[in-house]
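J.: This is run_24.cif, which holds mmCIF, C-alpha atoms and all ligand atoms; chains and numbers go by the auth columns:
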data_target
#
loop_
_atom_site.group_PDB
_atom_site.id
_atom_site.type_symbol
_atom_site.label_atom_id
_atom_site.label_comp_id
_atom_site.label_asym_id
_atom_site.label_seq_id
_atom_site.Cartn_x
_atom_site.Cartn_y
_atom_site.Cartn_z
_atom_site.B_iso_or_equiv
_atom_site.auth_seq_id
_atom_site.auth_asym_id
ATOM 1 C CA MET A 1 135.318 251.002 100.119 0.00 1 A
ATOM 2 C CA ASN A 2 139.070 251.119 100.185 0.00 2 A
ATOM 3 C CA PRO A 3 140.323 253.574 102.800 0.00 3 A
ATOM 4 C CA LEU A 4 143.942 253.532 101.602 0.00 4 A
ATOM 5 C CA TYR A 5 143.016 255.241 98.320 0.00 5 A
ATOM 6 C CA HIS A 6 140.493 257.527 99.942 0.00 6 A
ATOM 7 C CA ARG A 7 143.267 258.924 102.110 0.00 7 A
ATOM 8 C CA ALA A 8 145.240 260.182 99.095 0.00 8 A
ATOM 9 C CA LYS A 9 146.782 263.552 99.748 0.00 9 A
ATOM 10 C CA PHE A 10 148.675 265.907 97.434 0.00 10 A
ATOM 11 C CA ILE A 11 152.396 266.070 98.277 0.00 11 A
ATOM 12 C CA LEU A 12 154.130 268.026 95.529 0.00 12 A
ATOM 13 C CA SER A 13 154.516 268.548 91.797 0.00 13 A
ATOM 14 C CA ALA A 14 157.948 267.904 90.390 0.00 14 A
ATOM 15 C CA PRO A 15 159.280 269.425 87.168 0.00 15 A
ATOM 16 C CA ASN A 16 162.019 266.761 87.058 0.00 16 A
ATOM 17 C CA LEU A 17 163.345 263.658 88.794 0.00 17 A
ATOM 18 C CA GLN A 18 165.574 265.604 91.163 0.00 18 A
ATOM 19 C CA THR A 19 162.586 267.234 92.802 0.00 19 A
ATOM 20 C CA CYS A 20 160.507 264.058 93.232 0.00 20 A
ATOM 21 C CA PRO A 21 159.810 262.808 96.756 0.00 21 A
ATOM 22 C CA GLU A 22 162.361 260.380 98.176 0.00 22 A
ATOM 23 C CA ASP A 23 162.553 257.218 96.149 0.00 23 A
ATOM 24 C CA ASN A 24 161.461 254.624 98.695 0.00 24 A
ATOM 25 C CA GLY A 25 158.392 252.502 99.342 0.00 25 A
ATOM 26 C CA TYR A 26 155.964 251.811 96.499 0.00 26 A
ATOM 27 C CA GLU A 27 154.713 254.006 93.727 0.00 27 A
ATOM 28 C CA VAL A 28 152.255 253.581 90.840 0.00 28 A
ATOM 29 C CA ALA A 29 152.113 256.080 87.974 0.00 29 A
ATOM 30 C CA PHE A 30 149.069 257.095 85.934 0.00 30 A
ATOM 31 C CA ALA A 31 149.588 257.969 82.274 0.00 31 A
ATOM 32 C CA GLY A 32 147.525 258.663 79.194 0.00 32 A
ATOM 33 C CA ARG A 33 146.983 261.092 76.368 0.00 33 A
ATOM 34 C CA SER A 34 145.359 264.338 77.420 0.00 34 A
ATOM 35 C CA ASN A 35 141.588 264.111 77.709 0.00 35 A
ATOM 36 C CA ALA A 36 141.714 260.326 78.225 0.00 36 A
ATOM 37 C CA GLY A 37 139.964 260.800 81.556 0.00 37 A
ATOM 38 C CA LYS A 38 143.034 260.485 83.781 0.00 38 A
ATOM 39 C CA SER A 39 142.162 263.205 86.276 0.00 39 A
ATOM 40 C CA SER A 40 138.594 261.948 86.546 0.00 40 A
ATOM 41 C CA ALA A 41 139.855 258.397 87.082 0.00 41 A
ATOM 42 C CA ILE A 42 142.249 259.501 89.835 0.00 42 A
ATOM 43 C CA ASN A 43 139.422 261.352 91.537 0.00 43 A
ATOM 44 C CA THR A 44 137.135 258.324 91.226 0.00 44 A
ATOM 45 C CA ILE A 45 139.754 255.878 92.465 0.00 45 A
ATOM 46 C CA THR A 46 140.523 258.076 95.471 0.00 46 A
ATOM 47 C CA ASN A 47 136.852 258.970 95.967 0.00 47 A
ATOM 48 C CA GLN A 48 137.716 262.661 96.077 0.00 48 A
ATOM 49 C CA LYS A 49 136.001 265.373 94.100 0.00 49 A
ATOM 50 C CA SER A 50 138.945 267.427 92.977 0.00 50 A
ATOM 51 C CA LEU A 51 142.170 265.778 94.073 0.00 51 A
ATOM 52 C CA ALA A 52 143.632 265.617 90.577 0.00 52 A
ATOM 53 C CA ARG A 53 142.482 269.104 89.672 0.00 53 A
ATOM 54 C CA ILE A 54 145.695 270.338 91.197 0.00 54 A
ATOM 55 C CA SER A 55 147.485 269.028 88.119 0.00 55 A
ATOM 56 C CA LYS A 56 145.426 271.381 85.996 0.00 56 A
ATOM 57 C CA LEU A 57 146.844 274.526 87.585 0.00 57 A
ATOM 58 C CA PRO A 58 148.694 276.571 84.970 0.00 58 A
ATOM 59 C CA GLY A 59 152.278 275.431 84.500 0.00 59 A
ATOM 60 C CA ARG A 60 151.750 272.200 86.318 0.00 60 A
ATOM 61 C CA THR A 61 150.589 270.323 83.260 0.00 61 A
ATOM 62 C CA GLN A 62 154.176 269.308 82.527 0.00 62 A
ATOM 63 C CA GLN A 63 154.995 268.081 85.989 0.00 63 A
ATOM 64 C CA LEU A 64 154.796 264.846 87.869 0.00 64 A
ATOM 65 C CA VAL A 65 152.148 265.276 90.539 0.00 65 A
ATOM 66 C CA PHE A 66 152.577 263.096 93.626 0.00 66 A
ATOM 67 C CA PHE A 67 149.881 261.952 96.031 0.00 67 A
ATOM 68 C CA ASP A 68 150.607 260.169 99.289 0.00 68 A
ATOM 69 C CA LEU A 69 148.449 257.204 100.291 0.00 69 A
ATOM 70 C CA ASP A 70 150.457 256.439 103.417 0.00 70 A
ATOM 71 C CA GLU A 71 154.103 256.792 104.502 0.00 71 A
ATOM 72 C CA GLN A 72 155.200 254.061 102.118 0.00 72 A
ATOM 73 C CA ARG A 73 152.841 254.374 99.173 0.00 73 A
ATOM 74 C CA ARG A 74 152.196 256.952 96.489 0.00 74 A
ATOM 75 C CA ILE A 75 150.400 257.477 93.229 0.00 75 A
ATOM 76 C CA VAL A 76 151.727 259.813 90.555 0.00 76 A
ATOM 77 C CA ASP A 77 149.850 261.746 87.899 0.00 77 A
ATOM 78 C CA LEU A 78 152.150 261.908 84.860 0.00 78 A
ATOM 79 C CA PRO A 79 151.727 264.712 82.321 0.00 79 A
ATOM 80 C CA GLY A 80 149.223 263.862 79.591 0.00 80 A
ATOM 81 C CA TYR A 81 150.803 263.398 76.194 0.00 81 A
ATOM 82 C CA GLY A 82 149.745 264.573 72.758 0.00 82 A
ATOM 83 C CA PHE A 83 148.472 267.880 74.046 0.00 83 A
ATOM 84 C CA ALA A 84 148.313 270.116 70.967 0.00 84 A
ATOM 85 C CA LYS A 85 148.989 273.348 72.848 0.00 85 A
ATOM 86 C CA VAL A 86 152.351 272.133 74.099 0.00 86 A
ATOM 87 C CA PRO A 87 155.129 272.946 71.602 0.00 87 A
ATOM 88 C CA MET A 88 156.854 269.940 70.016 0.00 88 A
ATOM 89 C CA LYS A 89 160.201 270.826 71.608 0.00 89 A
ATOM 90 C CA VAL A 90 158.652 270.808 75.069 0.00 90 A
ATOM 91 C CA GLN A 91 156.868 267.528 74.320 0.00 91 A
ATOM 92 C CA GLN A 92 160.113 265.914 73.232 0.00 92 A
ATOM 93 C CA LYS A 93 161.900 267.151 76.325 0.00 93 A
ATOM 94 C CA TRP A 94 159.100 265.657 78.395 0.00 94 A
ATOM 95 C CA GLN A 95 159.275 262.380 76.572 0.00 95 A
ATOM 96 C CA LYS A 96 162.918 262.119 77.652 0.00 96 A
ATOM 97 C CA GLU A 97 162.133 263.166 81.207 0.00 97 A
ATOM 98 C CA LEU A 98 159.327 260.594 81.367 0.00 98 A
ATOM 99 C CA GLU A 99 161.521 257.793 80.041 0.00 99 A
ATOM 100 C CA TYR A 100 164.125 258.729 82.588 0.00 100 A
ATOM 101 C CA TYR A 101 161.563 258.615 85.383 0.00 101 A
ATOM 102 C CA LEU A 102 160.140 255.255 84.288 0.00 102 A
ATOM 103 C CA LYS A 103 163.591 253.760 83.908 0.00 103 A
ATOM 104 C CA ASN A 104 165.243 255.059 87.051 0.00 104 A
ATOM 105 C CA ARG A 105 162.532 255.352 89.659 0.00 105 A
ATOM 106 C CA GLN A 106 163.245 252.486 92.044 0.00 106 A
ATOM 107 C CA SER A 107 159.950 252.669 93.920 0.00 107 A
ATOM 108 C CA LEU A 108 157.901 252.607 90.708 0.00 108 A
ATOM 109 C CA ASN A 109 156.063 249.327 90.759 0.00 109 A
ATOM 110 C CA GLY A 110 153.325 249.712 88.185 0.00 110 A
ATOM 111 C CA LEU A 111 151.776 251.835 85.491 0.00 111 A
ATOM 112 C CA VAL A 112 148.090 252.570 84.978 0.00 112 A
ATOM 113 C CA LEU A 113 147.516 253.555 81.364 0.00 113 A
ATOM 114 C CA LEU A 114 144.224 255.360 80.751 0.00 114 A
ATOM 115 C CA VAL A 115 142.749 255.062 77.270 0.00 115 A
ATOM 116 C CA ASP A 116 139.439 256.500 76.067 0.00 116 A
ATOM 117 C CA ILE A 117 137.376 253.488 75.050 0.00 117 A
ATOM 118 C CA ARG A 118 136.094 255.318 71.964 0.00 118 A
ATOM 119 C CA ARG A 119 139.561 256.192 70.696 0.00 119 A
ATOM 120 C CA LEU A 120 141.402 252.971 71.490 0.00 120 A
ATOM 121 C CA LEU A 121 145.194 252.793 71.422 0.00 121 A
ATOM 122 C CA GLY A 122 147.197 255.591 69.837 0.00 122 A
ATOM 123 C CA PRO A 123 150.871 255.528 68.829 0.00 123 A
ATOM 124 C CA HIS A 124 151.961 257.099 72.133 0.00 124 A
ATOM 125 C CA ASP A 125 150.024 254.496 74.105 0.00 125 A
ATOM 126 C CA ILE A 126 151.678 251.679 72.184 0.00 126 A
ATOM 127 C CA GLN A 127 155.105 253.229 72.605 0.00 127 A
ATOM 128 C CA LEU A 128 154.553 253.486 76.328 0.00 128 A
ATOM 129 C CA LEU A 129 153.315 249.882 76.573 0.00 129 A
ATOM 130 C CA GLU A 130 156.368 248.679 74.678 0.00 130 A
ATOM 131 C CA TYR A 131 158.661 250.675 76.904 0.00 131 A
ATOM 132 C CA ALA A 132 156.948 249.337 80.044 0.00 132 A
ATOM 133 C CA GLU A 133 157.371 245.808 78.723 0.00 133 A
ATOM 134 C CA HIS A 134 161.050 246.531 78.059 0.00 134 A
ATOM 135 C CA LEU A 135 161.396 247.693 81.681 0.00 135 A
ATOM 136 C CA ASN A 136 159.403 244.760 83.018 0.00 136 A
ATOM 137 C CA LEU A 137 156.910 247.157 84.534 0.00 137 A
ATOM 138 C CA GLU A 138 153.426 245.847 85.356 0.00 138 A
ATOM 139 C CA VAL A 139 150.635 247.613 83.466 0.00 139 A
ATOM 140 C CA CYS A 140 146.912 247.990 84.029 0.00 140 A
ATOM 141 C CA LEU A 141 145.215 249.364 80.923 0.00 141 A
ATOM 142 C CA VAL A 142 142.061 251.171 81.961 0.00 142 A
ATOM 143 C CA LEU A 143 139.485 251.780 79.230 0.00 143 A
ATOM 144 C CA THR A 144 137.809 254.967 80.402 0.00 144 A
ATOM 145 C CA LYS A 145 134.374 256.433 79.664 0.00 145 A
ATOM 146 C CA SER A 146 132.885 252.979 79.088 0.00 146 A
ATOM 147 C CA ASP A 147 129.475 254.576 79.760 0.00 147 A
ATOM 148 C CA LYS A 148 129.777 256.235 76.338 0.00 148 A
ATOM 149 C CA LEU A 149 129.264 252.849 74.668 0.00 149 A
ATOM 150 C CA SER A 150 126.583 250.204 74.975 0.00 150 A
ATOM 151 C CA LYS A 151 127.464 247.145 77.080 0.00 151 A
ATOM 152 C CA ASN A 152 127.981 245.168 73.898 0.00 152 A
ATOM 153 C CA GLU A 153 130.181 247.746 72.196 0.00 153 A
ATOM 154 C CA ALA A 154 132.208 248.134 75.379 0.00 154 A
ATOM 155 C CA LYS A 155 132.774 244.395 75.534 0.00 155 A
ATOM 156 C CA LYS A 156 133.867 244.353 71.903 0.00 156 A
ATOM 157 C CA ALA A 157 136.318 247.181 72.532 0.00 157 A
ATOM 158 C CA PHE A 158 137.602 245.363 75.616 0.00 158 A
ATOM 159 C CA PHE A 159 138.375 242.175 73.703 0.00 159 A
ATOM 160 C CA SER A 160 139.899 243.989 70.765 0.00 160 A
ATOM 161 C CA VAL A 161 142.249 245.943 73.055 0.00 161 A
ATOM 162 C CA GLN A 162 143.074 242.832 75.038 0.00 162 A
ATOM 163 C CA LYS A 163 144.055 241.124 71.808 0.00 163 A
ATOM 164 C CA GLU A 164 146.094 244.079 70.625 0.00 164 A
ATOM 165 C CA VAL A 165 148.081 244.383 73.853 0.00 165 A
ATOM 166 C CA SER A 166 148.694 240.651 74.075 0.00 166 A
ATOM 167 C CA ASN A 167 151.067 241.146 71.155 0.00 167 A
ATOM 168 C CA ILE A 168 153.103 243.554 73.254 0.00 168 A
ATOM 169 C CA SER A 169 153.065 241.769 76.589 0.00 169 A
ATOM 170 C CA GLU A 170 151.409 238.749 78.126 0.00 170 A
ATOM 171 C CA HIS A 171 150.571 240.326 81.430 0.00 171 A
ATOM 172 C CA ILE A 172 148.809 243.593 80.769 0.00 172 A
ATOM 173 C CA GLN A 173 145.576 243.691 82.709 0.00 173 A
ATOM 174 C CA VAL A 174 142.706 245.400 80.861 0.00 174 A
ATOM 175 C CA GLU A 175 139.721 246.867 82.736 0.00 175 A
ATOM 176 C CA LEU A 176 136.538 248.655 81.712 0.00 176 A
ATOM 177 C CA PHE A 177 136.073 251.829 83.694 0.00 177 A
ATOM 178 C CA SER A 178 133.645 254.705 84.037 0.00 178 A
ATOM 179 C CA SER A 179 134.157 257.665 86.323 0.00 179 A
ATOM 180 C CA LEU A 180 130.645 258.804 85.547 0.00 180 A
ATOM 181 C CA LYS A 181 129.057 255.514 86.615 0.00 181 A
ATOM 182 C CA LYS A 182 131.785 254.594 89.128 0.00 182 A
ATOM 183 C CA GLU A 183 132.327 251.322 87.314 0.00 183 A
ATOM 184 C CA GLY A 184 135.517 249.275 87.350 0.00 184 A
ATOM 185 C CA VAL A 185 136.807 250.817 90.566 0.00 185 A
ATOM 186 C CA ASP A 186 137.138 247.578 92.572 0.00 186 A
ATOM 187 C CA PRO A 187 139.336 245.723 90.072 0.00 187 A
ATOM 188 C CA VAL A 188 141.612 248.766 89.740 0.00 188 A
ATOM 189 C CA HIS A 189 141.891 249.015 93.545 0.00 189 A
ATOM 190 C CA HIS A 190 142.728 245.346 93.636 0.00 190 A
ATOM 191 C CA TRP A 191 145.414 245.713 90.982 0.00 191 A
ATOM 192 C CA LEU A 192 146.848 248.740 92.813 0.00 192 A
ATOM 193 C CA ASP A 193 146.873 246.756 96.079 0.00 193 A
ATOM 194 C CA GLN A 194 149.093 244.187 94.425 0.00 194 A
ATOM 195 C CA GLN A 195 151.535 246.695 92.943 0.00 195 A
ATOM 196 C CA LEU A 196 151.679 248.729 96.152 0.00 196 A
ATOM 197 C CA ASN A 197 152.242 245.609 98.220 0.00 197 A
ATOM 198 C CA VAL A 198 149.111 246.063 100.281 0.00 198 A
ATOM 199 C CA LEU A 199 148.276 242.937 102.262 0.00 199 A
ATOM 200 C CA THR A 200 144.658 242.033 101.616 0.00 200 A
HETATM 201 N N1 LIG B . 131.025 260.187 80.065 0.00 1 B
HETATM 202 C C1 LIG B . 132.183 260.221 80.721 0.00 1 B
HETATM 203 N N2 LIG B . 132.996 261.287 80.580 0.00 1 B
HETATM 204 C C2 LIG B . 134.189 261.283 81.228 0.00 1 B
HETATM 205 C C3 LIG B . 134.595 260.182 82.031 0.00 1 B
HETATM 206 N N3 LIG B . 135.828 260.462 82.524 0.00 1 B
HETATM 207 C C4 LIG B . 136.169 261.674 82.050 0.00 1 B
HETATM 208 N N4 LIG B . 135.194 262.196 81.265 0.00 1 B
HETATM 209 C C5 LIG B . 135.199 263.504 80.589 0.00 1 B
HETATM 210 O O1 LIG B . 136.297 263.551 79.674 0.00 1 B
HETATM 211 C C6 LIG B . 136.924 264.834 79.692 0.00 1 B
HETATM 212 C C7 LIG B . 138.401 264.694 80.056 0.00 1 B
HETATM 213 O O2 LIG B . 138.496 264.202 81.369 0.00 1 B
HETATM 214 P P1 LIG B . 139.788 264.471 82.299 0.00 1 B
HETATM 215 O O3 LIG B . 139.625 263.598 83.498 0.00 1 B
HETATM 216 O O4 LIG B . 140.012 265.917 82.535 0.00 1 B
HETATM 217 O O5 LIG B . 140.942 263.909 81.346 0.00 1 B
HETATM 218 P P2 LIG B . 142.538 264.041 81.440 0.00 1 B
HETATM 219 O O6 LIG B . 142.915 265.134 80.492 0.00 1 B
HETATM 220 O O7 LIG B . 143.032 262.727 80.947 0.00 1 B
HETATM 221 O O8 LIG B . 142.909 264.305 82.851 0.00 1 B
HETATM 222 C C8 LIG B . 136.127 265.668 80.696 0.00 1 B
HETATM 223 O O9 LIG B . 135.189 266.414 79.989 0.00 1 B
HETATM 224 C C9 LIG B . 135.460 264.624 81.581 0.00 1 B
HETATM 225 O O10 LIG B . 134.254 265.088 82.134 0.00 1 B
HETATM 226 C C10 LIG B . 133.686 259.059 82.167 0.00 1 B
HETATM 227 O O11 LIG B . 133.934 258.040 82.830 0.00 1 B
HETATM 228 N N5 LIG B . 132.506 259.138 81.485 0.00 1 B
HETATM 229 MG MG MG B . 144.139 265.760 83.662 0.00 2 B
#
The structure in this file should be written as structure tokens.

T.:
Amino acid sequence: MNPLYHRAKFILSAPNLQTCPEDNGYEVAFAGRSNAGKSSAINTITNQKSLARISKLPGRTQQLVFFDLDEQRRIVDLPGYGFAKVPMKVQQKWQKELEYYLKNRQSLNGLVLLVDIRRLLGPHDIQLLEYAEHLNLEVCLVLTKSDKLSKNEAKKAFFSVQKEVSNISEHIQVELFSSLKKEGVDPVHHWLDQQLNVLT
């Protein structure tokens, strides 16, 4: 039980940095290729059935969706990348917008990168990890849908990803996670607590 995350409340969706909520307090962003299980993970982490569904409303797929935890703390659902239906030009524009957000957002204090455990890291994931390292941004890499693999296979995937990311940065935390089985929630809460400066 972690009441802070369970209190998450939708604030607004922002098509660009100018329309984001005021840049104060602490913020953690959630990223990942589309279908990685990001919305499900946000719902699981906040223990709410359909909090992140709001980001699925038409036209909102390319926006930053903000959720308040308390007056000082927020989580942000970033647009999923590699979505085939989004034209290349729009994707490239978003790439720029995203880089700008990651680079300039003062309150941003961590990035949760969701990766489907069966697909492992794609080129966009690696690019994002490298960029986060360049910005000195803390990263928690969440391997989603771990229930799709046996315990042994999941462990193997975990170690292989841990090894792969250790070449990019020394302090990327990797966690196994399943929204279906509600596994891996505590360590992610704990990591979020640290980035959001929650006294525990
Ligand atoms: N088995 C299983 N399926 C999942 C899990 N998380 C997400 N999914 C499924 O994966 C698909 C994509 O999930 P979604 O959260 O919408 O991904 P998003 O596009 O990254 O927001 C959906 O069909 C989900 O039901 C999980 O932990 N276990
Ligand atoms: Mg989603």

J.: Within 12 Å of region 183-192 of chain A, counting all atoms listed in the file, which residues show up once you throw out same-chain ones fewer than 4 positions away? Write them as a CSV table (one decimal) with C-alpha atoms, in the frame of the given file, please.

T.:
chain,number,residue,atom,x,y,z
A,1,MET,CA,135.3,251.0,100.1
A,2,ASN,CA,139.1,251.1,100.2
A,3,PRO,CA,140.3,253.6,102.8
A,4,LEU,CA,143.9,253.5,101.6
A,5,TYR,CA,143.0,255.2,98.3
A,6,HIS,CA,140.5,257.5,99.9
A,26,TYR,CA,156.0,251.8,96.5
A,27,GLU,CA,154.7,254.0,93.7
A,28,VAL,CA,152.3,253.6,90.8
A,29,ALA,CA,152.1,256.1,88.0
A,30,PHE,CA,149.1,257.1,85.9
A,40,SER,CA,138.6,261.9,86.5
A,41,ALA,CA,139.9,258.4,87.1
A,42,ILE,CA,142.2,259.5,89.8
A,43,ASN,CA,139.4,261.4,91.5
A,44,THR,CA,137.1,258.3,91.2
A,45,ILE,CA,139.8,255.9,92.5
A,46,THR,CA,140.5,258.1,95.5
A,47,ASN,CA,136.9,259.0,96.0
A,69,LEU,CA,148.4,257.2,100.3
A,73,ARG,CA,152.8,254.4,99.2
A,74,ARG,CA,152.2,257.0,96.5
A,75,ILE,CA,150.4,257.5,93.2
A,108,LEU,CA,157.9,252.6,90.7
A,109,ASN,CA,156.1,249.3,90.8
A,110,GLY,CA,153.3,249.7,88.2
A,111,LEU,CA,151.8,251.8,85.5
A,112,VAL,CA,148.1,252.6,85.0
A,113,LEU,CA,147.5,253.6,81.4
A,114,LEU,CA,144.2,255.4,80.8
A,138,GLU,CA,153.4,245.8,85.4
A,139,VAL,CA,150.6,247.6,83.5
A,140,CYS,CA,146.9,248.0,84.0
A,141,LEU,CA,145.2,249.4,80.9
A,142,VAL,CA,142.1,251.2,82.0
A,143,LEU,CA,139.5,251.8,79.2
A,144,THR,CA,137.8,255.0,80.4
A,145,LYS,CA,134.4,256.4,79.7
A,146,SER,CA,132.9,253.0,79.1
A,147,ASP,CA,129.5,254.6,79.8
A,172,ILE,CA,148.8,243.6,80.8
A,173,GLN,CA,145.6,243.7,82.7
A,174,VAL,CA,142.7,245.4,80.9
A,175,GLU,CA,139.7,246.9,82.7
A,176,LEU,CA,136.5,248.7,81.7
A,177,PHE,CA,136.1,251.8,83.7
A,178,SER,CA,133.6,254.7,84.0
A,179,SER,CA,134.2,257.7,86.3
A,196,LEU,CA,151.7,248.7,96.2
A,197,ASN,CA,152.2,245.6,98.2
A,198,VAL,CA,149.1,246.1,100.3
A,199,LEU,CA,148.3,242.9,102.3
A,200,THR,CA,144.7,242.0,101.6

J.: Could you list the residues chosen by the PyMOL selection byres (((chain A and resi 123-131) around 12) and not hetatm) in this structure as number ranges by chain?

T.: A: 30-34, 36, 80-83, 91, 95, 98-103, 110-116, 119-122, 132-142, 161, 164-173

J.: At a cut-off of 9 Å, using all atoms listed in the file, what residues contact region 66-68 of chain A? Leave out same-chain residues fewer than 6 positions from it and give the result as a list in words.

T.: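 Contacts, with the query itself left out: Arg7, Ala8, Lys9, Phe10, Ile11, Leu12, Ser13, Ala14, Cys20, Pro21, Leu51, Arg74, Ile75, Val76, Asp77 and Leu78 of chain A.
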
J.: From the options A:Ser50, A:Gln194, A:Asp23, A:Phe158, which residue's atoms come nearest to ligand MG 2 (chain B), counting all atoms listed in the file?

T.: A:Ser50

J.: In Å, rounded to a single decimal, give me how far CA of Val65 (chain A) is from atom N3 of ligand LIG 1 (chain B).

T.: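 So the two atoms, atom N3 of ligand LIG 1 (chain B) and CA of Val65 (chain A), lie 18.8 Å apart.
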
J.: With all atoms listed in the file as the atoms that count, which of A:Asn16, A:Asn24, A:Pro87, A:Lys38 lies nearest to ligand MG 2 (chain B)?

T.: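 Of A:Asn16, A:Asn24, A:Pro87, A:Lys38, the one nearest ligand MG 2 (chain B) is A:Lys38, counting all atoms listed in the file.
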
J.: For CA of Trp94 (chain A) and CA of Gln62 (chain A), quote the distance in Å rounded to one decimal.

T.: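 Separation between CA of Trp94 (chain A) and CA of Gln62 (chain A): 7.4 Å.
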
J.: So how many Å separate CA of Ile117 (chain A) and CA of Val90 (chain A), to one decimal?

T.: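 Rounded to one decimal, the two atoms are 27.4 Å apart.
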
J.: Find, counting all atoms listed in the file, the residue in A:Leu64, A:Glu71, A:Lys182, A:Pro79 that gets nearest to ligand MG 2 (chain B).

T.: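 Ranking A:Leu64, A:Glu71, A:Lys182, A:Pro79 by distance to ligand MG 2 (chain B), first place goes to A:Pro79.
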
J.: Please determine, counting only C-alpha atoms and all ligand atoms, which residue among A:Gln48, A:Ser39, A:Asn152, A:Gln92 has the shortest atom-to-atom distance to ligand LIG 1 (chain B).

T.: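 Among A:Gln48, A:Ser39, A:Asn152, A:Gln92, it is A:Ser39 that comes nearest to ligand LIG 1 (chain B).
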
J.: Which one is closest to ligand LIG 1 (chain B): A:Lys93, A:Asn104, A:Met88, A:Asn35? Count only C-alpha atoms and all ligand atoms.

T.: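 Nearest to ligand LIG 1 (chain B): A:Asn35.
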